[in-house]
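Q: This is the structure I have questions about; it appears just below.
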Amino acid sequence: MNRAILSGAFAFALLLPAAANAEMKHEQALKELVESKLRAVAEDPVVIDAVNQQNAANAGLSQTEIDKLDKQWRSEVEGKDKSLINQVMASDLSAFLKKVSDQAGGLVTEIIVMDNKGLNVGQSSVTSDYWQGDEAKWTKTYPADAGAVFVDEVEMDESTQQLQSQVSFQIVDPVSFHVIGAITFGVNLDQLGG
């Protein structure tokens, strides 16, 4: 076998643990951020009340109705009628999340609060879809074991040219101690320190 091929394969094998280590550091840093700062946002009464209210209002919602709402939201993103988007963005919860994001000094790029069906309850900025219930941010947190934290892959934001990742976890009602929804934070890893 060619010595150059062997040395290239060896160098690649050496890089794998370094990449895995960097990934673990990113996950650990985001999990520490959850405990030091982000969990407090999910425990705020504005978040708890809004999620509980939407869970009650949407208790009988079928998957067909959820799909219809999601389709409406997606059409509103590019369309002129933005009634559903405006309704969500005008809520006290969305105003609170925007304020939290703005005060984070560039560290938090977005915040999405989801109910027990994976529907947006509020967000800091407009999302591309309304139903997150089929995405890992919800499927790996809301129905998971207590205390589940999901850290998504690192991505390059095309508009800002910054490394970002999402971290998601459960929203727990402080009275009933039941999981009532999930929350996702987009985090600028350049601000976090990588």
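Letters for chains follow the order of the structure tokens (A, B, ...), residue numbers begin at 1 for each chain, and ligand numbers begin at 1 in the order shown.
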Can you tell me which residues surround range 95-103 of chain A at a distance of at most 10 Å, considering only C-alpha atoms, apart from same-chain residues fewer than 4 positions away, and format the answer as a PyMOL selection string?

A: chain A and resi 38+41-42+44+46-47+88-91+107-113+122-125+185-187

Q: Keeping only N, CA and C atoms, write the selected residues as a PDB file, in the first residue's frame.

A:
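Contents of result-v7.pdb, as written:
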ATOM      1  N   LEU A  38     -30.279  29.604  31.195  1.00  0.00           N
ATOM      2  CA  LEU A  38     -31.447  29.403  30.334  1.00  0.00           C
ATOM      3  C   LEU A  38     -32.644  28.775  31.038  1.00  0.00           C
ATOM      4  N   VAL A  41     -35.284  31.092  32.378  1.00  0.00           N
ATOM      5  CA  VAL A  41     -36.238  31.641  31.404  1.00  0.00           C
ATOM      6  C   VAL A  41     -37.443  30.703  31.291  1.00  0.00           C
ATOM      7  N   ALA A  42     -37.188  29.402  31.198  1.00  0.00           N
ATOM      8  CA  ALA A  42     -38.260  28.415  31.061  1.00  0.00           C
ATOM      9  C   ALA A  42     -39.140  28.342  32.311  1.00  0.00           C
ATOM     10  N   ASP A  44     -39.952  31.019  34.149  1.00  0.00           N
ATOM     11  CA  ASP A  44     -40.616  32.303  34.374  1.00  0.00           C
ATOM     12  C   ASP A  44     -42.131  32.115  34.288  1.00  0.00           C
ATOM     13  N   VAL A  46     -44.392  33.930  33.028  1.00  0.00           N
ATOM     14  CA  VAL A  46     -44.928  34.295  31.707  1.00  0.00           C
ATOM     15  C   VAL A  46     -44.908  33.065  30.794  1.00  0.00           C
ATOM     16  N   VAL A  47     -43.842  32.275  30.865  1.00  0.00           N
ATOM     17  CA  VAL A  47     -43.709  31.070  30.046  1.00  0.00           C
ATOM     18  C   VAL A  47     -44.700  30.008  30.522  1.00  0.00           C
ATOM     19  N   VAL A  88     -49.358  35.160  17.318  1.00  0.00           N
ATOM     20  CA  VAL A  88     -48.324  34.585  18.182  1.00  0.00           C
ATOM     21  C   VAL A  88     -47.268  35.632  18.540  1.00  0.00           C
ATOM     22  N   MET A  89     -46.845  36.418  17.552  1.00  0.00           N
ATOM     23  CA  MET A  89     -45.790  37.402  17.790  1.00  0.00           C
ATOM     24  C   MET A  89     -46.257  38.559  18.675  1.00  0.00           C
ATOM     25  N   ALA A  90     -47.571  38.803  18.729  1.00  0.00           N
ATOM     26  CA  ALA A  90     -48.110  39.897  19.547  1.00  0.00           C
ATOM     27  C   ALA A  90     -48.350  39.482  21.002  1.00  0.00           C
ATOM     28  N   SER A  91     -48.107  38.235  21.313  1.00  0.00           N
ATOM     29  CA  SER A  91     -48.376  37.747  22.677  1.00  0.00           C
ATOM     30  C   SER A  91     -47.364  38.290  23.681  1.00  0.00           C
ATOM     31  N   LEU A 107     -25.543  36.419  22.330  1.00  0.00           N
ATOM     32  CA  LEU A 107     -25.347  35.008  22.697  1.00  0.00           C
ATOM     33  C   LEU A 107     -26.545  34.161  22.259  1.00  0.00           C
ATOM     34  N   VAL A 108     -27.755  34.646  22.509  1.00  0.00           N
ATOM     35  CA  VAL A 108     -28.981  33.922  22.157  1.00  0.00           C
ATOM     36  C   VAL A 108     -29.533  34.497  20.862  1.00  0.00           C
ATOM     37  N   THR A 109     -29.617  33.651  19.844  1.00  0.00           N
ATOM     38  CA  THR A 109     -30.066  34.101  18.524  1.00  0.00           C
ATOM     39  C   THR A 109     -31.558  33.909  18.304  1.00  0.00           C
ATOM     40  N   GLU A 110     -32.158  32.971  19.035  1.00  0.00           N
ATOM     41  CA  GLU A 110     -33.606  32.748  18.931  1.00  0.00           C
ATOM     42  C   GLU A 110     -34.078  31.939  20.125  1.00  0.00           C
ATOM     43  N   ILE A 111     -35.362  32.101  20.436  1.00  0.00           N
ATOM     44  CA  ILE A 111     -35.997  31.305  21.496  1.00  0.00           C
ATOM     45  C   ILE A 111     -37.363  30.894  20.977  1.00  0.00           C
ATOM     46  N   ILE A 112     -37.675  29.605  21.122  1.00  0.00           N
ATOM     47  CA  ILE A 112     -38.978  29.074  20.712  1.00  0.00           C
ATOM     48  C   ILE A 112     -39.565  28.306  21.897  1.00  0.00           C
ATOM     49  N   VAL A 113     -40.787  28.634  22.276  1.00  0.00           N
ATOM     50  CA  VAL A 113     -41.504  27.897  23.314  1.00  0.00           C
ATOM     51  C   VAL A 113     -42.597  27.085  22.637  1.00  0.00           C
ATOM     52  N   GLY A 122     -44.856  30.786  21.682  1.00  0.00           N
ATOM     53  CA  GLY A 122     -44.250  32.098  21.520  1.00  0.00           C
ATOM     54  C   GLY A 122     -42.838  31.930  21.012  1.00  0.00           C
ATOM     55  N   GLN A 123     -42.288  33.005  20.441  1.00  0.00           N
ATOM     56  CA  GLN A 123     -40.915  32.949  19.958  1.00  0.00           C
ATOM     57  C   GLN A 123     -40.354  34.359  19.884  1.00  0.00           C
ATOM     58  N   SER A 124     -39.031  34.436  19.890  1.00  0.00           N
ATOM     59  CA  SER A 124     -38.376  35.737  19.842  1.00  0.00           C
ATOM     60  C   SER A 124     -38.357  36.319  18.436  1.00  0.00           C
ATOM     61  N   SER A 125     -38.442  35.474  17.434  1.00  0.00           N
ATOM     62  CA  SER A 125     -38.507  35.904  16.038  1.00  0.00           C
ATOM     63  C   SER A 125     -39.310  34.861  15.267  1.00  0.00           C
ATOM     64  N   PHE A 185     -33.381  27.191  22.525  1.00  0.00           N
ATOM     65  CA  PHE A 185     -32.561  28.398  22.416  1.00  0.00           C
ATOM     66  C   PHE A 185     -31.557  28.190  21.295  1.00  0.00           C
ATOM     67  N   GLY A 186     -31.492  29.122  20.361  1.00  0.00           N
ATOM     68  CA  GLY A 186     -30.404  29.166  19.411  1.00  0.00           C
ATOM     69  C   GLY A 186     -29.266  29.916  20.089  1.00  0.00           C
ATOM     70  N   VAL A 187     -28.075  29.335  20.075  1.00  0.00           N
ATOM     71  CA  VAL A 187     -26.942  29.937  20.781  1.00  0.00           C
ATOM     72  C   VAL A 187     -25.791  30.171  19.802  1.00  0.00           C
TER      73      VAL A 187
END

Q: Write out as an MDAnalysis selection string each polymer residue whose atoms come within 9 Å of range 147-161 of chain A, counting only C-alpha atoms; drop sequence neighbours fewer than 3 positions from it.

A: chainID A and resid 23 26:27 30:31 34 136:138 140:142 144 164:170 189

Q: Between A:Glu76, A:Asp173, A:Asp115, A:Asp145, which residue has the minimum interatomic distance to Asp129 in chain A, considering only C-alpha atoms?

A: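 Nearest to Asp129 in chain A: A:Glu76.
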
Q: Have a look at CA of Thr184 in chain A and CA of Lys80 in chain A and let me know their distance in Å, one decimal.

A: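 These two atoms are separated by 27.4 Å.
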
Q: When you look at range 67-70 of chain A with a cut-off of 9 Å (counting only C-alpha atoms), what residues show up, excluding the ones that are within fewer than 5 positions of it in the same chain? I need them as a list of chain:residue names.

A: A:Ser62, A:Ser75, A:Leu84, A:Leu119, A:Asp129, A:Tyr130, A:Trp131

Q: Could you write those residues out with C-alpha atoms, as a CSV table (one decimal), in the first residue's frame?

A:
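Final output, again23.csv:
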chain,number,residue,atom,x,y,z
A,62,SER,CA,-56.3,16.6,16.1
A,75,SER,CA,-48.0,30.2,3.8
A,84,LEU,CA,-51.6,33.5,12.8
A,119,LEU,CA,-46.9,23.9,18.5
A,129,ASP,CA,-43.0,26.6,10.7
A,130,TYR,CA,-45.6,26.5,13.5
A,131,TRP,CA,-45.4,22.8,14.4

Q: Taking the backbone alone, and naming residues the way the document does, which bits of range 17-189 of chain A are strand (DSSP E) by DSSP, as number ranges by chain?

A: A: 108-114, 120-123, 149-151, 155-157, 162-172, 179-188

Q: Would you write out those residues with N, CA and C atoms, as a CSV table (one decimal), in the first residue's frame?

A:
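Listing of selection.csv after writing:
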chain,number,residue,atom,x,y,z
A,108,VAL,N,-27.8,34.6,22.5
A,108,VAL,CA,-29.0,33.9,22.2
A,108,VAL,C,-29.5,34.5,20.9
A,109,THR,N,-29.6,33.7,19.8
A,109,THR,CA,-30.1,34.1,18.5
A,109,THR,C,-31.6,33.9,18.3
A,110,GLU,N,-32.2,33.0,19.0
A,110,GLU,CA,-33.6,32.7,18.9
A,110,GLU,C,-34.1,31.9,20.1
A,111,ILE,N,-35.4,32.1,20.4
A,111,ILE,CA,-36.0,31.3,21.5
A,111,ILE,C,-37.4,30.9,21.0
A,112,ILE,N,-37.7,29.6,21.1
A,112,ILE,CA,-39.0,29.1,20.7
A,112,ILE,C,-39.6,28.3,21.9
A,113,VAL,N,-40.8,28.6,22.3
A,113,VAL,CA,-41.5,27.9,23.3
A,113,VAL,C,-42.6,27.1,22.6
A,114,MET,N,-42.7,25.8,23.0
A,114,MET,CA,-43.6,24.9,22.4
A,114,MET,C,-44.5,24.3,23.4
A,120,ASN,N,-45.9,26.1,18.4
A,120,ASN,CA,-45.3,27.3,18.9
A,120,ASN,C,-46.3,28.0,19.8
A,121,VAL,N,-45.8,28.4,21.0
A,121,VAL,CA,-46.6,29.2,21.9
A,121,VAL,C,-46.2,30.6,21.8
A,122,GLY,N,-44.9,30.8,21.7
A,122,GLY,CA,-44.2,32.1,21.5
A,122,GLY,C,-42.8,31.9,21.0
A,123,GLN,N,-42.3,33.0,20.4
A,123,GLN,CA,-40.9,32.9,20.0
A,123,GLN,C,-40.4,34.4,19.9
A,149,VAL,N,-32.1,17.1,28.0
A,149,VAL,CA,-31.5,18.3,27.3
A,149,VAL,C,-31.0,17.8,26.0
A,150,PHE,N,-31.4,18.4,24.9
A,150,PHE,CA,-31.0,18.0,23.6
A,150,PHE,C,-30.2,19.1,23.0
A,151,VAL,N,-28.9,18.8,22.6
A,151,VAL,CA,-28.1,19.7,21.9
A,151,VAL,C,-28.0,19.3,20.5
A,155,GLU,N,-24.1,24.5,13.3
A,155,GLU,CA,-24.4,25.0,12.0
A,155,GLU,C,-23.8,26.4,11.8
A,156,MET,N,-23.4,26.7,10.6
A,156,MET,CA,-22.9,28.0,10.2
A,156,MET,C,-24.1,28.8,9.8
A,157,ASP,N,-24.4,29.9,10.4
A,157,ASP,CA,-25.4,30.8,10.0
A,157,ASP,C,-24.9,31.6,8.8
A,162,GLN,N,-21.6,33.0,11.6
A,162,GLN,CA,-21.3,32.6,13.0
A,162,GLN,C,-21.7,31.2,13.2
A,163,LEU,N,-21.0,30.4,14.1
A,163,LEU,CA,-21.4,29.1,14.4
A,163,LEU,C,-22.5,29.1,15.4
A,164,GLN,N,-23.5,28.3,15.2
A,164,GLN,CA,-24.6,28.3,16.1
A,164,GLN,C,-25.1,26.8,16.3
A,165,SER,N,-25.7,26.6,17.5
A,165,SER,CA,-26.4,25.4,17.8
A,165,SER,C,-27.6,25.7,18.6
A,166,GLN,N,-28.5,24.7,18.6
A,166,GLN,CA,-29.7,24.8,19.4
A,166,GLN,C,-29.6,23.9,20.6
A,167,VAL,N,-30.1,24.4,21.7
A,167,VAL,CA,-30.2,23.5,22.9
A,167,VAL,C,-31.7,23.6,23.3
A,168,SER,N,-32.3,22.4,23.6
A,168,SER,CA,-33.7,22.3,23.9
A,168,SER,C,-33.9,21.5,25.2
A,169,PHE,N,-34.9,21.9,25.9
A,169,PHE,CA,-35.2,21.1,27.2
A,169,PHE,C,-36.7,21.3,27.5
A,170,GLN,N,-37.1,20.5,28.5
A,170,GLN,CA,-38.5,20.5,28.9
A,170,GLN,C,-38.9,21.8,29.7
A,171,ILE,N,-40.1,22.1,29.6
A,171,ILE,CA,-40.7,23.1,30.5
A,171,ILE,C,-41.6,22.4,31.5
A,172,VAL,N,-41.3,22.6,32.8
A,172,VAL,CA,-42.0,21.9,33.9
A,172,VAL,C,-42.8,22.8,34.7
A,179,VAL,N,-44.4,17.8,33.0
A,179,VAL,CA,-43.8,18.5,31.8
A,179,VAL,C,-44.9,19.0,31.0
A,180,ILE,N,-44.9,20.3,30.6
A,180,ILE,CA,-46.0,20.9,29.9
A,180,ILE,C,-45.6,21.3,28.5
A,181,GLY,N,-44.3,21.4,28.2
A,181,GLY,CA,-43.9,21.8,26.9
A,181,GLY,C,-42.4,21.7,26.8
A,182,ALA,N,-41.8,22.4,25.8
A,182,ALA,CA,-40.4,22.4,25.6
A,182,ALA,C,-40.0,23.8,25.1
A,183,ILE,N,-38.7,24.1,25.3
A,183,ILE,CA,-38.1,25.4,24.9
A,183,ILE,C,-36.8,25.1,24.2
A,184,THR,N,-36.6,25.9,23.1
A,184,THR,CA,-35.3,25.8,22.3
A,184,THR,C,-34.7,27.2,22.3
A,185,PHE,N,-33.4,27.2,22.5
A,185,PHE,CA,-32.6,28.4,22.4
A,185,PHE,C,-31.6,28.2,21.3
A,186,GLY,N,-31.5,29.1,20.4
A,186,GLY,CA,-30.4,29.2,19.4
A,186,GLY,C,-29.3,29.9,20.1
A,187,VAL,N,-28.1,29.3,20.1
A,187,VAL,CA,-26.9,29.9,20.8
A,187,VAL,C,-25.8,30.2,19.8
A,188,ASN,N,-25.3,31.4,19.8
A,188,ASN,CA,-24.1,31.8,19.0
A,188,ASN,C,-22.9,31.2,19.7

Q: If DSSP is run on the backbone, what residues of range 18-107 of chain A are helix (DSSP H, G or I)? A reply as a PyMOL selection string would be ideal.

A: chain A and resi 18-42+45-57+63-78+83-89+92-103

Q: Nearest residue to Asn58 in chain A out of A:Val77, A:Asn86, A:His178, A:Gly118, using only C-alpha atoms?

A: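 Of all the options, A:Gly118 lies closest to Asn58 in chain A.
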